[in-house]
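Peer 1: My file is start.txt. It has compact mmCIF, C-alpha atoms:
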```txt
# COMPACT_ATOMS: atom_id res chain seq x y z
CA MET M 380 98.22 78.02 82.62
CA LYS M 381 98.03 75.69 85.58
CA ARG M 382 95.80 76.45 88.58
CA HIS M 383 98.72 77.10 90.94
CA ASP M 384 100.23 79.57 88.42
CA PHE M 385 97.02 81.62 88.55
CA ASP M 386 96.94 81.52 92.36
CA ASP M 387 100.58 82.63 92.59
CA LEU M 388 100.07 85.55 90.21
CA ALA M 389 96.93 86.67 92.04
CA ALA M 390 98.82 86.54 95.34
CA PHE M 391 101.68 88.55 93.80
CA VAL M 392 99.25 91.31 92.77
CA MET M 393 97.89 91.42 96.31
CA VAL M 394 101.38 91.72 97.85
CA ALA M 395 102.41 94.40 95.35
CA GLU M 396 99.33 96.49 96.08
CA GLU M 397 99.49 96.11 99.87
CA HIS M 398 103.30 96.54 100.12
CA SER M 399 103.12 94.06 102.99
CA PHE M 400 103.10 90.28 103.35
CA THR M 401 101.12 90.61 106.60
CA ARG M 402 98.26 92.67 105.11
CA ALA M 403 98.18 90.67 101.89
CA ALA M 404 98.16 87.37 103.80
CA ALA M 405 95.25 88.58 105.95
CA ARG M 406 93.22 89.37 102.83
CA LEU M 407 94.13 86.02 101.27
CA GLY M 408 93.42 84.04 104.42
CA MET M 409 96.88 82.55 104.77
CA SER M 410 100.01 83.01 106.90
CA PRO M 411 102.62 85.68 106.03
CA SER M 412 105.38 83.04 106.01
CA GLY M 413 103.38 80.86 103.64
CA LEU M 414 102.76 83.80 101.33
CA SER M 415 106.45 84.76 101.39
CA HIS M 416 107.41 81.19 100.47
CA MET M 417 104.88 81.24 97.62
CA MET M 418 106.44 84.42 96.23
CA ARG M 419 109.95 82.94 96.40
CA LEU M 420 108.79 79.90 94.43
CA LEU M 421 107.17 82.21 91.85
CA GLU M 422 110.42 84.17 91.51
CA GLU M 423 112.40 80.94 91.07
CA ARG M 424 109.95 79.68 88.46
CA LEU M 425 110.10 82.95 86.46
CA GLY M 426 113.84 83.38 86.96
CA VAL M 427 113.61 87.04 88.06
CA ARG M 428 113.33 88.88 91.34
CA LEU M 429 109.87 90.45 91.65
CA LEU M 430 109.88 91.84 95.19
CA ALA M 431 112.42 93.81 97.24
CA ARG M 432 111.96 92.91 100.90
CA THR M 433 112.92 95.01 103.93
CA THR M 434 112.09 94.58 107.62
CA ARG M 435 109.26 97.12 107.29
CA SER M 436 107.84 96.87 103.81
CA VAL M 437 107.78 95.15 100.46
CA ALA M 438 108.23 96.90 97.12
CA THR M 439 108.20 95.71 93.52
CA THR M 440 111.44 95.53 91.56
CA GLU M 441 111.56 96.79 87.97
CA ALA M 442 110.60 93.30 86.78
CA GLY M 443 107.87 93.12 89.41
CA GLU M 444 106.43 96.46 88.35
CA ARG M 445 106.33 95.37 84.71
CA LEU M 446 104.55 92.17 85.68
CA LEU M 447 102.08 94.11 87.86
CA LEU M 448 101.24 96.46 84.96
CA THR M 449 100.47 93.39 82.85
CA LEU M 450 98.47 91.50 85.46
CA ARG M 451 96.38 94.27 87.02
CA PRO M 452 94.18 95.01 83.95
CA ALA M 453 93.70 91.26 83.40
CA PHE M 454 92.51 90.68 86.95
CA GLU M 455 90.28 93.77 86.77
CA ASP M 456 88.66 92.33 83.64
CA ILE M 457 88.13 89.03 85.44
CA ASP M 458 86.62 90.83 88.43
CA ARG M 459 84.27 92.83 86.21
CA GLY M 460 83.24 89.64 84.46
CA LEU M 461 82.46 87.93 87.74
CA GLN M 462 80.50 90.95 88.94
CA SER M 463 78.49 91.01 85.72
CA LEU M 464 77.60 87.36 86.32
CA GLY M 465 76.48 88.31 89.81
CA ALA M 466 74.21 90.95 88.30
CA LEU M 467 72.34 88.20 86.47
CA ARG M 468 71.38 86.59 89.75
CA GLU M 469 68.28 87.56 91.69
CA LYS M 470 70.32 89.68 94.09
CA PRO M 471 73.70 91.45 93.65
CA SER M 472 76.81 89.85 95.08
CA GLY M 473 80.50 90.54 95.53
CA THR M 474 82.71 92.69 97.76
CA VAL M 475 82.31 96.43 98.30
CA ARG M 476 85.50 97.97 99.73
CA ILE M 477 84.89 101.25 101.60
CA THR M 478 87.07 103.75 103.45
CA ALA M 479 85.56 106.06 106.09
CA GLY M 480 86.54 108.03 109.15
CA LYS M 481 85.62 106.62 112.55
CA HIS M 482 82.73 109.00 113.24
CA ALA M 483 81.09 108.24 109.88
CA ALA M 484 81.64 104.52 110.38
CA VAL M 485 80.04 104.52 113.84
CA SER M 486 77.22 107.00 113.24
CA LEU M 487 76.16 106.05 109.68
CA LEU M 488 77.46 102.64 108.67
CA ALA M 489 77.25 100.54 111.82
CA PRO M 490 73.48 101.13 112.34
CA MET M 491 72.52 100.21 108.76
CA LEU M 492 74.82 97.24 108.11
CA PRO M 493 72.71 94.54 109.88
CA ARG M 494 69.62 95.37 107.80
CA PHE M 495 71.73 95.65 104.64
CA HIS M 496 73.17 92.18 105.26
CA GLN M 497 69.66 90.78 105.68
CA ASP M 498 68.58 92.31 102.37
CA TYR M 499 71.77 91.42 100.48
CA PRO M 500 73.39 88.37 102.11
CA ASP M 501 75.67 87.79 99.10
CA ILE M 502 77.38 91.20 99.40
CA ARG M 503 80.47 91.44 101.58
CA ILE M 504 81.32 94.91 102.98
CA GLU M 505 85.01 95.48 103.64
CA LEU M 506 85.26 98.68 105.71
CA ILE M 507 88.64 100.32 106.38
CA VAL M 508 88.27 102.91 109.17
CA ASP M 509 90.88 105.66 108.77
CA ASP M 510 90.88 109.47 108.77
CA ARG M 511 93.42 109.66 105.94
CA LEU M 512 92.10 111.14 102.69
CA ASP M 513 93.13 108.21 100.51
CA ASP M 514 93.11 108.25 96.73
CA ILE M 515 90.41 105.61 96.52
CA VAL M 516 91.38 104.58 92.98
CA ALA M 517 95.07 104.08 93.83
CA SER M 518 94.17 102.38 97.13
CA ARG M 519 91.73 100.00 95.42
CA PHE M 520 88.59 101.19 97.23
CA ASP M 521 85.19 101.12 95.56
CA ALA M 522 84.06 104.21 97.45
CA GLY M 523 84.87 106.53 100.32
CA ILE M 524 82.84 108.47 102.88
CA ARG M 525 83.94 111.99 103.77
CA PHE M 526 82.69 115.56 104.11
CA GLY M 527 81.73 117.16 100.80
CA GLU M 528 84.46 119.80 100.74
CA ARG M 529 87.15 117.11 101.01
CA ILE M 530 86.07 115.20 97.91
CA ASP M 531 87.89 115.62 94.59
CA ARG M 532 85.78 117.20 91.87
CA ASP M 533 86.27 114.31 89.46
CA MET M 534 84.35 112.01 91.79
CA ILE M 535 80.63 111.34 91.91
CA SER M 536 79.32 112.18 95.38
CA VAL M 537 75.99 111.46 97.06
CA ARG M 538 74.78 113.02 100.32
CA ILE M 539 74.10 110.29 102.88
CA GLY M 540 73.93 112.08 106.23
CA PRO M 541 72.22 114.97 108.01
CA ASP M 542 73.82 118.29 108.89
CA LEU M 543 76.27 118.05 111.77
CA ARG M 544 77.46 120.40 114.51
CA ALA M 545 80.71 120.56 116.38
CA ALA M 546 80.85 121.00 120.14
CA VAL M 547 83.56 122.29 122.46
CA VAL M 548 83.22 120.53 125.81
CA ALA M 549 85.01 120.04 129.10
CA ALA M 550 84.41 118.31 132.41
CA PRO M 551 83.16 120.42 135.35
CA SER M 552 86.40 119.53 137.16
CA TYR M 553 88.44 121.25 134.45
CA LEU M 554 86.21 124.33 134.35
CA ALA M 555 86.54 124.59 138.13
CA ARG M 556 90.27 125.21 137.56
CA ARG M 557 89.95 127.46 134.51
CA PRO M 558 87.22 130.01 133.70
CA PRO M 559 85.23 128.84 130.65
CA PRO M 560 86.15 130.55 127.34
CA LEU M 561 83.63 133.15 126.23
CA ILE M 562 85.17 134.15 122.89
CA LEU M 563 87.49 132.35 120.49
CA LYS M 564 90.56 134.30 121.63
CA ASP M 565 90.10 132.81 125.11
CA LEU M 566 91.15 129.41 123.73
CA ALA M 567 94.78 130.59 123.77
CA SER M 568 94.81 130.37 127.57
CA HIS M 569 93.30 126.88 127.77
CA ASP M 570 94.64 123.35 127.75
CA CYS M 571 93.07 121.75 124.67
CA VAL M 572 93.12 118.09 123.68
CA ASN M 573 94.29 118.03 120.06
CA TYR M 574 93.31 115.55 117.35
CA HIS M 575 96.22 114.44 115.17
CA MET M 576 95.46 114.20 111.45
CA ARG M 577 97.69 111.49 109.99
CA THR M 578 97.11 112.78 106.46
CA ALA M 579 98.34 116.29 107.23
CA GLY M 580 100.92 115.19 109.78
CA ALA M 581 99.66 117.89 112.15
CA SER M 582 96.92 118.62 114.67
CA TYR M 583 93.43 119.45 113.43
CA SER M 584 92.50 123.15 113.49
CA TRP M 585 89.23 123.82 115.30
CA GLU M 586 86.63 125.21 112.89
CA PHE M 587 84.10 127.86 113.89
CA GLU M 588 81.87 130.54 112.42
CA GLU M 589 82.25 134.14 113.62
CA ASP M 590 80.29 137.07 112.19
CA GLY M 591 79.30 134.97 109.18
CA ARG M 592 82.92 133.98 108.42
CA ASP M 593 84.58 130.59 108.69
CA VAL M 594 87.39 130.72 111.23
CA GLU M 595 90.09 128.13 111.98
CA VAL M 596 91.81 128.23 115.36
CA LYS M 597 95.08 126.47 116.14
CA VAL M 598 94.92 125.48 119.79
CA GLY M 599 97.61 124.37 122.20
CA GLY M 600 97.63 121.68 124.81
CA SER M 601 99.60 118.99 126.56
CA PHE M 602 97.81 116.01 124.99
CA VAL M 603 97.51 114.99 121.32
CA VAL M 604 95.65 111.86 120.19
CA ASN M 605 94.31 110.35 116.96
CA ASP M 606 91.27 108.53 118.34
CA LEU M 607 87.83 110.03 119.07
CA GLU M 608 87.09 107.69 121.97
CA MET M 609 90.38 108.59 123.62
CA MET M 610 89.58 112.28 123.21
CA LEU M 611 86.23 111.74 124.91
CA SER M 612 87.87 109.84 127.76
CA ALA M 613 90.36 112.68 128.20
CA ALA M 614 87.54 115.22 128.35
CA LEU M 615 85.63 113.19 130.95
CA ALA M 616 88.79 112.89 133.03
CA GLY M 617 89.18 116.68 133.11
CA ALA M 618 92.24 116.87 130.85
CA GLY M 619 91.04 119.97 129.04
CA LEU M 620 88.77 121.32 126.32
CA VAL M 621 87.81 118.95 123.50
CA TYR M 622 86.45 119.76 120.04
CA THR M 623 84.28 116.94 118.75
CA PHE M 624 80.93 116.13 117.16
CA GLU M 625 77.76 117.13 119.00
CA ASP M 626 76.19 113.66 118.76
CA VAL M 627 79.29 112.05 120.31
CA VAL M 628 78.88 113.98 123.59
CA GLU M 629 75.10 114.40 123.69
CA GLU M 630 74.44 111.91 126.51
CA HIS M 631 77.32 113.28 128.59
CA LEU M 632 75.95 116.83 128.24
CA LEU M 633 72.52 115.64 129.39
CA SER M 634 74.02 113.86 132.40
CA GLY M 635 76.19 116.86 133.35
CA ARG M 636 79.45 114.91 133.03
CA LEU M 637 80.48 117.41 130.35
CA VAL M 638 79.71 121.09 129.89
CA ARG M 639 79.47 122.85 126.54
CA VAL M 640 81.24 126.15 125.81
CA LEU M 641 81.48 128.49 122.79
CA ASP M 642 78.17 127.12 121.52
CA ALA M 643 77.37 130.27 119.51
CA TYR M 644 80.43 129.73 117.34
CA CYS M 645 79.51 126.14 116.39
CA LYS M 646 77.13 126.34 113.44
CA PRO M 647 75.63 123.40 111.50
CA PHE M 648 77.54 122.21 108.44
CA PRO M 649 76.77 119.68 105.67
CA GLY M 650 77.24 116.07 106.70
CA TYR M 651 78.77 113.07 104.99
CA TYR M 652 78.86 112.03 101.34
CA ILE M 653 79.75 108.74 99.74
CA TYR M 654 81.94 109.23 96.68
CA TYR M 655 83.24 106.95 93.95
CA PRO M 656 84.86 107.20 90.49
CA SER M 657 82.76 108.04 87.49
CA ARG M 658 81.86 104.80 85.76
CA ARG M 659 79.54 104.00 82.93
CA GLN M 660 78.54 100.79 84.64
CA MET M 661 78.59 100.91 88.42
CA PRO M 662 79.02 97.46 90.01
CA PRO M 663 75.58 96.28 91.17
CA ALA M 664 76.81 95.63 94.71
CA LEU M 665 78.07 99.21 95.04
CA ALA M 666 74.86 100.59 93.50
CA VAL M 667 72.60 98.93 96.07
CA PHE M 668 74.95 99.93 98.91
CA VAL M 669 74.81 103.60 97.86
CA GLU M 670 71.02 103.41 97.56
CA ALA M 671 70.76 101.83 101.03
CA LEU M 672 72.75 104.73 102.51
CA ARG M 673 70.58 107.29 100.68
CA SER M 674 67.41 105.57 101.89
CA ASN M 675 68.71 105.50 105.44
CA ALA M 676 69.50 109.24 105.21
CA ARG M 677 65.99 110.02 103.95
CA GLN M 678 64.40 108.03 106.79
CA SER M 679 66.57 109.80 109.37
CA SER M 680 65.58 113.18 107.91
CA VAL M 681 61.86 112.33 108.13
CA GLN M 682 62.20 111.13 111.73
CA ALA M 683 64.11 114.29 112.71
CA ALA M 684 61.38 116.46 111.21
```
Take the structure I supplied and represent it as structure tokens, if you would.
Peer 2:
Amino acid sequence: MKRHDFDDLAAFVMVAEEHSFTRAAARLGMSPSGLSHMMRLLEERLGVRLLARTTRSVATTEAGERLLLTLRPAFEDIDRGLQSLGALREKPSGTVRITAGKHAAVSLLAPMLPRFHQDYPDIRIELIVDDRLDDIVASRFDAGIRFGERIDRDMISVRIGPDLRAAVVAAPSYLARRPPPLILKDLASHDCVNYHMRTAGASYSWEFEEDGRDVEVKVGGSFVVNDLEMMLSAALAGAGLVYTFEDVVEEHLLSGRLVRVLDAYCKPFPGYYIYYPSRRQMPPALAVFVEALRSNARQSSVQAA
């Protein structure tokens, strides 16, 4: 096999997995038009159509799917071989591909990444920030970070964060127009800023604890958003009540720019876990990344105590 044949086949696998020339080209470090031209030349050389193109997406044809099923295990074997070579070096190397929600990314990953890069300069972290509960195996992630109850049982999970608390907050300007809610039923008469869950295709139900029971409340409002920073901005502007994480609004509560309500119903709950498929031999780069998160969690727990 010639060098360009290998490059073309590797690029085809990337396009087939991403279902997009744009995303695949970004990962390969080339232009979408160049990648599309490469795939056309590959199809001409093989004499079959591999990809069905539309204006919005790219999908494999029957021939393309058969080729993908042949190539994927081969490239996985090559990747494992390269990673095993990296394990023989003094320090692990390679790429660790992670998916995490925005809050976990900002509160847990961002603070520890500079030190991790200093300790392991040959490891590249590829972080995809998204609240969707992806199948990490199908989506080609090495690991994901989520709350424990949202992790499939066939995954290995490791606690990496402290307990968290939710907070219901509003600006004083909003509470000047509406009396603050005292019990959960009062939420029905309030304008609430909703968070849209792309996975569920619906707004997130606010979670509370009442008389020792977990309670979910569907709230109404005139504004729905899928970004935590936008929710915070809406709260500060007096748009309505917002349900978010306590640490996100802590400084605004101290300054008086936001006021907390329904505090008694917001109990602590277990924080984040990193999870990954069960493997007999975990890639060294992933192993040291998991250990770095565990170490960071232990240090944070000692400092909090």
Peer 1: List the spatial neighbours of stretch 472-477 of chain M as JSON, numbers by chain - criterion: any atom at most 9 Å away, all atoms listed in the file, same-chain residues fewer than 4 positions off excluded.
Peer 2: {"M": [461, 462, 465, 466, 468, 499, 500, 501, 502, 503, 504, 505, 506, 507, 508, 515, 519, 520, 521, 522, 523, 524, 662, 663, 664, 665, 668]}
Peer 1: May I ask for the distance between atom CA of M:Ala613 and atom CA of M:Leu637, given in Å to one decimal place?
Peer 2: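 Going from atom CA of M:Ala613 over to atom CA of M:Leu637 covers 11.2 Å.
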Peer 1: Tell me, counting all atoms listed in the file, for each residue of stretch 389-490 of chain M within 10 Å of stretch 626-632 of chain M, which pair of atoms is nearest and how far apart they are in Å to one decimal, in rows ordered by chain and increasing number, as CSV.
Peer 2:
```
residue,atom,partner,partner_atom,distance
M:His482,CA,M:Val627,CA,8.4
M:Val485,CA,M:Val627,CA,10.0
M:Ser486,CA,M:Asp626,CA,8.7
```
Peer 1: Write the residues you've just listed into a file as a tab-separated table (two decimals), keeping the file's coordinate frame, and include C-alpha atoms for each of them.
Peer 2:
```
chain	number	residue	atom	x	y	z
M	482	HIS	CA	82.73	109.00	113.24
M	485	VAL	CA	80.04	104.52	113.84
M	486	SER	CA	77.22	107.00	113.24
```
Peer 1: M:Asp542, M:Asp565, M:Asp590, M:Glu625: which is nearest M:Pro649, counting only C-alpha atoms?
Peer 2: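 Result for the nearest residue to M:Pro649: M:Asp542.
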Peer 1: Kindly provide, as lines of an AutoDock Vina configuration file, the centre and edge lengths (Å, one decimal) of an axis-aligned box around all atoms of stretch 645-657 of chain M given in the file, with 5 Å on each side.
Peer 2:
```
center_x = 80.2
center_y = 116.6
center_z = 101.9
size_x = 19.2
size_y = 29.4
size_z = 38.9
```
Peer 1: Which is closer to M:Phe587 than all the others in M:Ser568, M:Asp642, M:Leu607, M:Val621, using all atoms listed in the file?
Peer 2: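 Result for the nearest residue to M:Phe587: M:Asp642.
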Peer 1: Between M:Asp531, M:Leu425, M:Met417, M:Val437, which residue has the minimum interatomic distance to M:Phe400, considering all atoms listed in the file?
Peer 2: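 Nearest candidate to M:Phe400 out of M:Asp531, M:Leu425, M:Met417, M:Val437: M:Val437.
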Peer 1: Of the candidates M:Met610, M:Ile562, M:Ile535, M:Leu492, which shows the shortest atom-to-atom distance to M:Ala643, using all atoms listed in the file?
Peer 2: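 With all atoms listed in the file as the atom set, the closest residue is M:Ile562.
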Peer 1: Counting only C-alpha atoms, figure out which residue out of M:Arg544, M:Leu448, M:Ile530, M:Phe391 gets nearest to M:His416.
Peer 2: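 Among M:Arg544, M:Leu448, M:Ile530, M:Phe391, it is M:Phe391 that comes nearest to M:His416.
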Peer 1: In Å, rounded to a single decimal, give me how far atom CA of M:Glu586 is from atom CA of M:Tyr644.
Peer 2: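 Interatomic distance here is 8.9 Å.
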Peer 1: Between atom CA of M:Asp514 and atom CA of M:Ala395, what is the distance, to one decimal in Å?
Peer 2: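 According to the coordinates, atom CA of M:Asp514 and atom CA of M:Ala395 are separated by 16.7 Å.
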Peer 1: Can you list, as a list in words, every protein, DNA or RNA residue that comes within 7 Å of M:Gly480 when you count all atoms listed in the file, leaving out same-chain residues fewer than 4 positions away?
Peer 2: Ala484, Val508, Asp509 and Asp510 of chain M
Peer 1: Name all residues at most 10 Å from M:Glu444 (count all atoms listed in the file; drop same-chain ones fewer than 3 positions away) and give them as a list in words.
Peer 2: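 With the cut-off at 10 Å, the set is Val392, Ala395, Leu429, Leu430, Ala438, Thr439, Thr440, Glu441, Leu447, Leu448, Thr449 and Leu450 of chain M.
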Peer 1: How would you write as a VMD selection string the residues that get within 9 Å of (76.2, 98.5, 107.2) in the file's frame, counting all atoms listed in the file?
Peer 2: chain M and resid 484 487 to 496 504 668 671 to 672
Peer 1: From the coordinates supplied, stretch 529-639 of chain M should be written with C-alpha atoms, as a CSV table (one decimal), in the first residue's frame.
Peer 2:
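Written file, decode10.csv:
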```csv
chain,number,residue,atom,x,y,z
M,529,ARG,CA,-26.6,9.4,34.5
M,530,ILE,CA,-23.8,6.9,33.9
M,531,ASP,CA,-24.6,3.5,32.3
M,532,ARG,CA,-23.9,0.5,34.7
M,533,ASP,CA,-21.6,-1.2,32.3
M,534,MET,CA,-19.1,1.7,32.6
M,535,ILE,CA,-16.3,2.1,35.1
M,536,SER,CA,-16.9,5.4,37.1
M,537,VAL,CA,-14.6,7.3,39.4
M,538,ARG,CA,-15.7,10.2,41.7
M,539,ILE,CA,-13.7,13.3,40.8
M,540,GLY,CA,-15.7,16.2,42.4
M,541,PRO,CA,-17.2,17.3,45.7
M,542,ASP,CA,-20.9,17.3,46.6
M,543,LEU,CA,-22.8,20.1,44.8
M,544,ARG,CA,-25.9,22.2,45.6
M,545,ALA,CA,-28.4,23.8,43.4
M,546,ALA,CA,-29.6,27.4,44.0
M,547,VAL,CA,-32.7,29.2,42.9
M,548,VAL,CA,-31.9,32.9,42.4
M,549,ALA,CA,-33.3,36.1,41.1
M,550,ALA,CA,-32.3,39.8,40.9
M,551,PRO,CA,-33.7,42.2,43.5
M,552,SER,CA,-35.4,44.0,40.6
M,553,TYR,CA,-37.4,40.9,39.7
M,554,LEU,CA,-38.4,40.2,43.3
M,555,ALA,CA,-39.5,43.8,43.7
M,556,ARG,CA,-42.2,42.9,41.0
M,557,ARG,CA,-43.1,39.5,42.3
M,558,PRO,CA,-43.2,38.2,45.9
M,559,PRO,CA,-40.4,35.6,46.5
M,560,PRO,CA,-41.6,32.0,46.4
M,561,LEU,CA,-41.8,30.4,49.9
M,562,ILE,CA,-42.8,26.8,48.9
M,563,LEU,CA,-42.4,24.8,45.7
M,564,LYS,CA,-46.0,25.4,44.6
M,565,ASP,CA,-45.3,29.1,44.4
M,566,LEU,CA,-43.1,28.5,41.4
M,567,ALA,CA,-46.2,28.1,39.3
M,568,SER,CA,-46.9,31.8,39.5
M,569,HIS,CA,-43.3,32.9,38.6
M,570,ASP,CA,-41.5,33.6,35.4
M,571,CYS,CA,-38.6,31.1,35.3
M,572,VAL,CA,-35.7,31.0,32.9
M,573,ASN,CA,-35.6,27.4,31.6
M,574,TYR,CA,-32.6,25.4,30.6
M,575,HIS,CA,-33.1,23.4,27.3
M,576,MET,CA,-31.7,19.9,27.4
M,577,ARG,CA,-30.7,19.0,23.8
M,578,THR,CA,-30.6,15.3,24.7
M,579,ALA,CA,-34.2,15.2,25.9
M,580,GLY,CA,-35.5,17.8,23.5
M,581,ALA,CA,-37.2,19.5,26.4
M,582,SER,CA,-36.6,21.9,29.3
M,583,TYR,CA,-34.8,20.7,32.4
M,584,SER,CA,-37.1,19.9,35.4
M,585,TRP,CA,-35.9,21.7,38.6
M,586,GLU,CA,-34.9,19.1,41.2
M,587,PHE,CA,-35.5,19.6,44.9
M,588,GLU,CA,-35.9,17.6,48.1
M,589,GLU,CA,-39.1,17.9,50.1
M,590,ASP,CA,-39.8,16.0,53.3
M,591,GLY,CA,-37.0,13.6,52.5
M,592,ARG,CA,-38.3,12.9,49.0
M,593,ASP,CA,-36.8,13.9,45.6
M,594,VAL,CA,-39.2,16.2,43.8
M,595,GLU,CA,-39.0,17.4,40.2
M,596,VAL,CA,-40.9,20.6,39.2
M,597,LYS,CA,-41.7,21.6,35.7
M,598,VAL,CA,-41.6,25.4,35.6
M,599,GLY,CA,-42.9,27.9,33.1
M,600,GLY,CA,-41.4,31.0,31.7
M,601,SER,CA,-41.0,33.3,28.7
M,602,PHE,CA,-37.3,32.5,28.1
M,603,VAL,CA,-35.6,29.2,27.3
M,604,VAL,CA,-31.8,28.9,26.8
M,605,ASN,CA,-29.2,26.1,26.5
M,606,ASP,CA,-26.2,28.0,28.0
M,607,LEU,CA,-25.4,28.5,31.7
M,608,GLU,CA,-23.7,31.9,31.1
M,609,MET,CA,-26.8,33.2,29.3
M,610,MET,CA,-29.0,32.0,32.1
M,611,LEU,CA,-26.9,33.9,34.6
M,612,SER,CA,-27.0,37.0,32.5
M,613,ALA,CA,-30.8,36.7,32.3
M,614,ALA,CA,-31.0,36.4,36.1
M,615,LEU,CA,-28.8,39.5,36.6
M,616,ALA,CA,-31.0,41.4,34.2
M,617,GLY,CA,-34.1,40.6,36.2
M,618,ALA,CA,-35.7,38.2,33.7
M,619,GLY,CA,-36.9,35.8,36.3
M,620,LEU,CA,-36.0,33.0,38.6
M,621,VAL,CA,-33.0,30.8,37.6
M,622,TYR,CA,-32.1,27.3,38.8
M,623,THR,CA,-28.3,26.8,38.6
M,624,PHE,CA,-25.3,25.6,40.6
M,625,GLU,CA,-24.5,27.3,43.9
M,626,ASP,CA,-20.9,27.9,43.0
M,627,VAL,CA,-21.9,29.6,39.8
M,628,VAL,CA,-23.8,32.4,41.6
M,629,GLU,CA,-21.8,32.6,44.8
M,630,GLU,CA,-20.0,35.9,44.2
M,631,HIS,CA,-23.3,37.5,43.0
M,632,LEU,CA,-25.1,36.4,46.2
M,633,LEU,CA,-22.3,37.9,48.2
M,634,SER,CA,-22.5,41.2,46.3
M,635,GLY,CA,-26.3,41.4,46.5
M,636,ARG,CA,-26.8,41.3,42.8
M,637,LEU,CA,-28.7,38.1,43.2
M,638,VAL,CA,-31.0,36.9,46.0
M,639,ARG,CA,-31.5,33.2,46.9
```
